[in-house]
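Participant: Have a look at the structure that comes next, please.
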Amino acid sequence: MNPINKIVYEPFGVCDGKEIFKFKLKNIHGNSVELLNYGAIVKSIVVPDKNGKKENVVLGFPTLEGYLKDTSYIGATVGRFANRINNAEFSIENKTYYLDKNDGKNNNHSGSAGFNTKVLDFSVNEDSVIFTLESKNEEGGFPGNVSAKVIYKWTDKNELKIEFLAVADEPTPLNFTNHSYFNLSACAEKIHHHKLNIQSTKILESTPDYIPTGKIISADNYLFFNYKLTDVMQNNGLNIYYVFDRISANENAVCELFDEKSGRLMRVYTSYPGVQLYTGDYLNSETIGEHSKNYKAFDGLCLECQYYPDSPNHANFPNTIFQTGQVYNETITYAFDTILL
């Protein structure tokens with residue numbers, strides 16, 4: 001039997017009078033993940049390349065200051081509602097709720113109610129860290145008190161497993177995701193030469209400010225079937241929601257990201273119906289990151305598995321209004337491997 005790999009944590013700073021801790025999860029191979037109870041953030045994922053060199057493959061900051069100044073949701077858990085809500089408003093049973101307008105006229109990633117800037121309570125088990133948060137009624141304009149949990153596990157197979165659990169005391173929209181920026185070259189290069197595969201032939205049609213029109217259309221020129229990002233991006237950034245081709249959740253990977261030089265491969269598994277691909281074109285960090293540089297455009301990309309953006313305003317989208325006492329339970333797994341070509 002393998003010895004139990006202990007999870008250790010240490011102080012990382014103070015925010016709003018609350019202590020922030022850094023948690024380190026290490027597996028039997030010595031590969032590790034670091035987490036923070038500020039924003040339930042993934043601070044680092046250290047995995048080997050094809051030659052065994054271990055490096056951090058997500059963007060992050062060495063100090064709390066970097067996260068407090070960050071405006072790009074680097075590594076954060078996003079909730080109550082990931083992505084945009086048109087005109088920062090929605091209705092439930094003929095009652096309209098008005099949210100923070102933090103992205104032009106729209107609400108993005110929940111505004112002031114966003115989990116990304118909250119200090120979460122925590123508990124540590126033998127194989128997991130559990131972050132908990134009580135989001136109060138009317139916070140950011142959202143109805144209902146929400147009790148939320150984010151559970152992280154780091155396995156001996158180099159899988160970061162994330163489980164989102166929540167329940168509310170009145171009907172409210174819920175949509176959680178992880179906003180890590182991945183760069184499998186460990187920032188030796190920008191992301192353009194990564195290869196990406198997404199199990200999707202359809203995307204949401206969107207306006208120039210990334211609000212869905214309600215139409216689900218063919219991905220056409222935005223298909224990713226083992227293509228280099230640069231072949232599809234053509235010097236532009238991408239911020240697109242892909243609808244998975246599968247009818248229901250299954251055990252197959254929905255995305256694969258590959259960096260040929262390092263040989264690192266990341267597979268993504270999820271219970272969600274789709275993924276928001278964001279290529280980090282607005283990255284512009286004030287402080288120096290984990291990779292000894294200020295992060296700029298295309299230094300990392302996000303694969304944000306989630307429900308459809310703006311779904312409370314589209315009756316034809318999968319429902320995201322959770323009723324009183326209805327349990328929200330969704331998962332994302334990022335699994336790391338290497339390939340020798």
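Every chain in the structure tokens has a letter given in the order shown (A, B, ...), and although residue numbers restart at 1 in each chain, ligands are simply numbered from 1 in the order shown.
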Would you list the contacts of range 190-201 of chain A as number ranges by chain, taking every protein, DNA or RNA residue within 9 Å and counting only C-alpha atoms, but skipping same-chain residues closer than 5 positions in sequence?
Facilitator: A: 182-185, 217-220, 222-231, 233, 235, 242-246, 253-260, 274-275, 279, 297-301
Participant: Within 10 Å of Asn51 in chain A, counting only C-alpha atoms, which residues qualify if same-chain residues fewer than 4 places away don't, as a PyMOL selection string?
Facilitator: chain A and resi 262-263+338+340
Participant: Which residues, written as a PDB file with N, CA and C atoms, in the first residue's frame, have at least one atom at most 7 Å from range 117-129 of chain A, with only C-alpha atoms counted and residues fewer than 5 positions away on the same chain left out?
Facilitator:
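Now in out14.pdb:
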ATOM      1  N   LYS A   6       0.316  13.386   2.869  1.00  0.00           N
ATOM      2  CA  LYS A   6      -0.305  14.392   3.712  1.00  0.00           C
ATOM      3  C   LYS A   6      -0.407  15.730   2.994  1.00  0.00           C
ATOM      4  N   ASN A  37      -7.147  29.528   0.184  1.00  0.00           N
ATOM      5  CA  ASN A  37      -8.539  29.714   0.602  1.00  0.00           C
ATOM      6  C   ASN A  37      -9.045  31.108   0.254  1.00  0.00           C
ATOM      7  N   TYR A  38      -8.225  31.931  -0.367  1.00  0.00           N
ATOM      8  CA  TYR A  38      -8.683  33.173  -0.994  1.00  0.00           C
ATOM      9  C   TYR A  38      -9.155  32.817  -2.398  1.00  0.00           C
ATOM     10  N   GLY A  39     -10.453  32.936  -2.651  1.00  0.00           N
ATOM     11  CA  GLY A  39     -10.997  32.636  -3.963  1.00  0.00           C
ATOM     12  C   GLY A  39     -10.977  31.171  -4.335  1.00  0.00           C
ATOM     13  N   ALA A  40     -10.663  30.284  -3.366  1.00  0.00           N
ATOM     14  CA  ALA A  40     -10.493  28.848  -3.664  1.00  0.00           C
ATOM     15  C   ALA A  40      -9.628  28.686  -4.912  1.00  0.00           C
ATOM     16  N   ILE A 151     -14.449  21.271  -3.547  1.00  0.00           N
ATOM     17  CA  ILE A 151     -13.609  20.180  -3.043  1.00  0.00           C
ATOM     18  C   ILE A 151     -12.526  19.870  -4.068  1.00  0.00           C
ATOM     19  N   TYR A 152     -11.274  19.918  -3.619  1.00  0.00           N
ATOM     20  CA  TYR A 152     -10.134  19.607  -4.476  1.00  0.00           C
ATOM     21  C   TYR A 152      -9.466  18.302  -4.030  1.00  0.00           C
ATOM     22  N   LYS A 153      -9.172  17.439  -5.002  1.00  0.00           N
ATOM     23  CA  LYS A 153      -8.369  16.234  -4.763  1.00  0.00           C
ATOM     24  C   LYS A 153      -7.256  16.182  -5.809  1.00  0.00           C
TER      25      LYS A 153
END
Participant: Distance CA of Glu65 in chain A-CA of Ser112 in chain A, one decimal place?
Facilitator: 18.9 Å
Participant: What's the 6 Å shell around Gly79 in chain A, counting only C-alpha atoms, without same-chain residues fewer than 6 positions away, as a PyMOL selection string?
Facilitator: chain A and resi 114-115+176
Participant: In Å, how far is it from CA of Asp103 in chain A to CA of Glu134 in chain A?
Facilitator: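 A separation of 24.7 Å between them.
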Participant: Would you list the contacts of Ala113 in chain A as a list in words, taking every protein, DNA or RNA residue within 7 Å and counting only C-alpha atoms, but skipping same-chain residues closer than 4 positions in sequence?
Facilitator: Arg80, Glu139 and Gly140 of chain A
Participant: So that I can check the secondary structure, give me every residue of range 64-253 of chain A assigned alpha helix (DSSP H) by backbone DSSP, as a ChimeraX atom specification.
Facilitator: /A:64-69,229-233
Participant: Given only C-alpha atoms, how would the per-residue table for range 284-333 of chain A near range 158-167 of chain A read, listing every residue at most 10 Å away with its closest atom pair and distance in Å to one decimal, sorted by chain and number, as a tab-separated table?
Facilitator:
residue	atom	partner	partner_atom	distance
A:Phe322	CA	A:Val167	CA	8.1
A:Gln323	CA	A:Val167	CA	8.6
A:Thr324	CA	A:Val167	CA	7.5
A:Gly325	CA	A:Val167	CA	5.6
A:Gln326	CA	A:Val167	CA	6.0
A:Val327	CA	A:Val167	CA	5.1
A:Tyr328	CA	A:Ala166	CA	4.9
A:Asn329	CA	A:Leu165	CA	4.7
A:Glu330	CA	A:Phe164	CA	5.3
A:Thr331	CA	A:Glu163	CA	4.5
A:Ile332	CA	A:Ile162	CA	5.2
A:Thr333	CA	A:Lys161	CA	4.4
Participant: Counting only C-alpha atoms, what is within 12 Å of Thr320 in chain A, bar same-chain residues fewer than 4 positions away, as a PyMOL selection string?
Facilitator: chain A and resi 80-82+90+92+171-176+272-273+306-316+326-329
Participant: One decimal, Å: what's the distance from CA of Glu34 in chain A over to CA of Lys22 in chain A, could you say?
Facilitator: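 These two atoms are separated by 6.6 Å.
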Participant: Between A:Val46, A:Asn31, A:Gly13, A:Ile211, single out the one closest to Lys105 in chain A, counting only C-alpha atoms.
Facilitator: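 Selected residue with least distance to Lys105 in chain A: A:Ile211.
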Participant: Excluding Tyr73 in chain A and residues on its chain fewer than 4 positions from it, collect all residues at most 10 Å away from it, counting only C-alpha atoms, and give them as a CSV table (one decimal) with N, CA, C and O atoms, in the first residue's frame.
Facilitator:
chain,number,residue,atom,x,y,z
A,39,GLY,N,-10.5,32.9,-2.7
A,39,GLY,CA,-11.0,32.6,-4.0
A,39,GLY,C,-11.0,31.2,-4.3
A,39,GLY,O,-11.2,30.8,-5.5
A,41,ILE,N,-8.5,29.4,-4.9
A,41,ILE,CA,-7.6,29.5,-6.0
A,41,ILE,C,-6.7,28.3,-6.2
A,41,ILE,O,-6.2,27.8,-5.2
A,67,TYR,N,-2.6,38.4,-6.2
A,67,TYR,CA,-4.0,38.0,-6.3
A,67,TYR,C,-4.9,39.2,-5.9
A,67,TYR,O,-6.0,39.3,-6.5
A,77,THR,N,-11.8,30.2,-8.3
A,77,THR,CA,-13.2,29.7,-8.5
A,77,THR,C,-14.1,30.8,-8.8
A,77,THR,O,-14.1,31.8,-8.1
A,78,VAL,N,-14.9,30.6,-9.8
A,78,VAL,CA,-15.9,31.6,-10.2
A,78,VAL,C,-17.3,31.1,-9.9
A,78,VAL,O,-17.7,30.0,-10.2
A,109,HIS,N,-19.0,37.2,-14.2
A,109,HIS,CA,-18.5,36.4,-13.1
A,109,HIS,C,-19.0,36.9,-11.7
A,109,HIS,O,-18.3,36.9,-10.7
A,114,GLY,N,-18.8,37.8,-6.5
A,114,GLY,CA,-17.9,36.8,-7.0
A,114,GLY,C,-17.1,36.1,-6.0
A,114,GLY,O,-16.5,36.7,-5.1
A,115,PHE,N,-17.1,34.8,-6.1
A,115,PHE,CA,-16.3,33.9,-5.1
A,115,PHE,C,-14.8,34.2,-5.2
A,115,PHE,O,-14.0,33.9,-4.3
A,116,ASN,N,-14.4,34.8,-6.3
A,116,ASN,CA,-12.9,34.9,-6.6
A,116,ASN,C,-12.2,35.9,-5.6
A,116,ASN,O,-11.0,35.8,-5.5
A,117,THR,N,-13.0,36.7,-4.9
A,117,THR,CA,-12.4,37.6,-4.0
A,117,THR,C,-12.8,37.3,-2.5
A,117,THR,O,-12.5,38.2,-1.6
A,178,ASN,N,-13.8,26.8,-12.7
A,178,ASN,CA,-12.4,27.1,-12.4
A,178,ASN,C,-11.8,28.0,-13.5
A,178,ASN,O,-12.0,27.6,-14.7
A,179,HIS,N,-11.1,29.0,-13.1
A,179,HIS,CA,-10.6,30.0,-14.1
A,179,HIS,C,-9.1,29.9,-14.1
A,179,HIS,O,-8.4,31.0,-14.3
A,180,SER,N,-8.5,28.7,-14.1
A,180,SER,CA,-7.0,28.6,-14.2
A,180,SER,C,-6.6,28.9,-15.7
A,180,SER,O,-7.3,28.5,-16.6
A,181,TYR,N,-5.5,29.5,-15.8
A,181,TYR,CA,-4.8,29.8,-17.1
A,181,TYR,C,-3.7,28.7,-17.3
A,181,TYR,O,-2.8,28.7,-16.5
A,283,LEU,N,-5.0,39.5,-20.6
A,283,LEU,CA,-4.0,39.4,-19.5
A,283,LEU,C,-3.1,40.5,-19.5
A,283,LEU,O,-2.5,40.9,-20.5
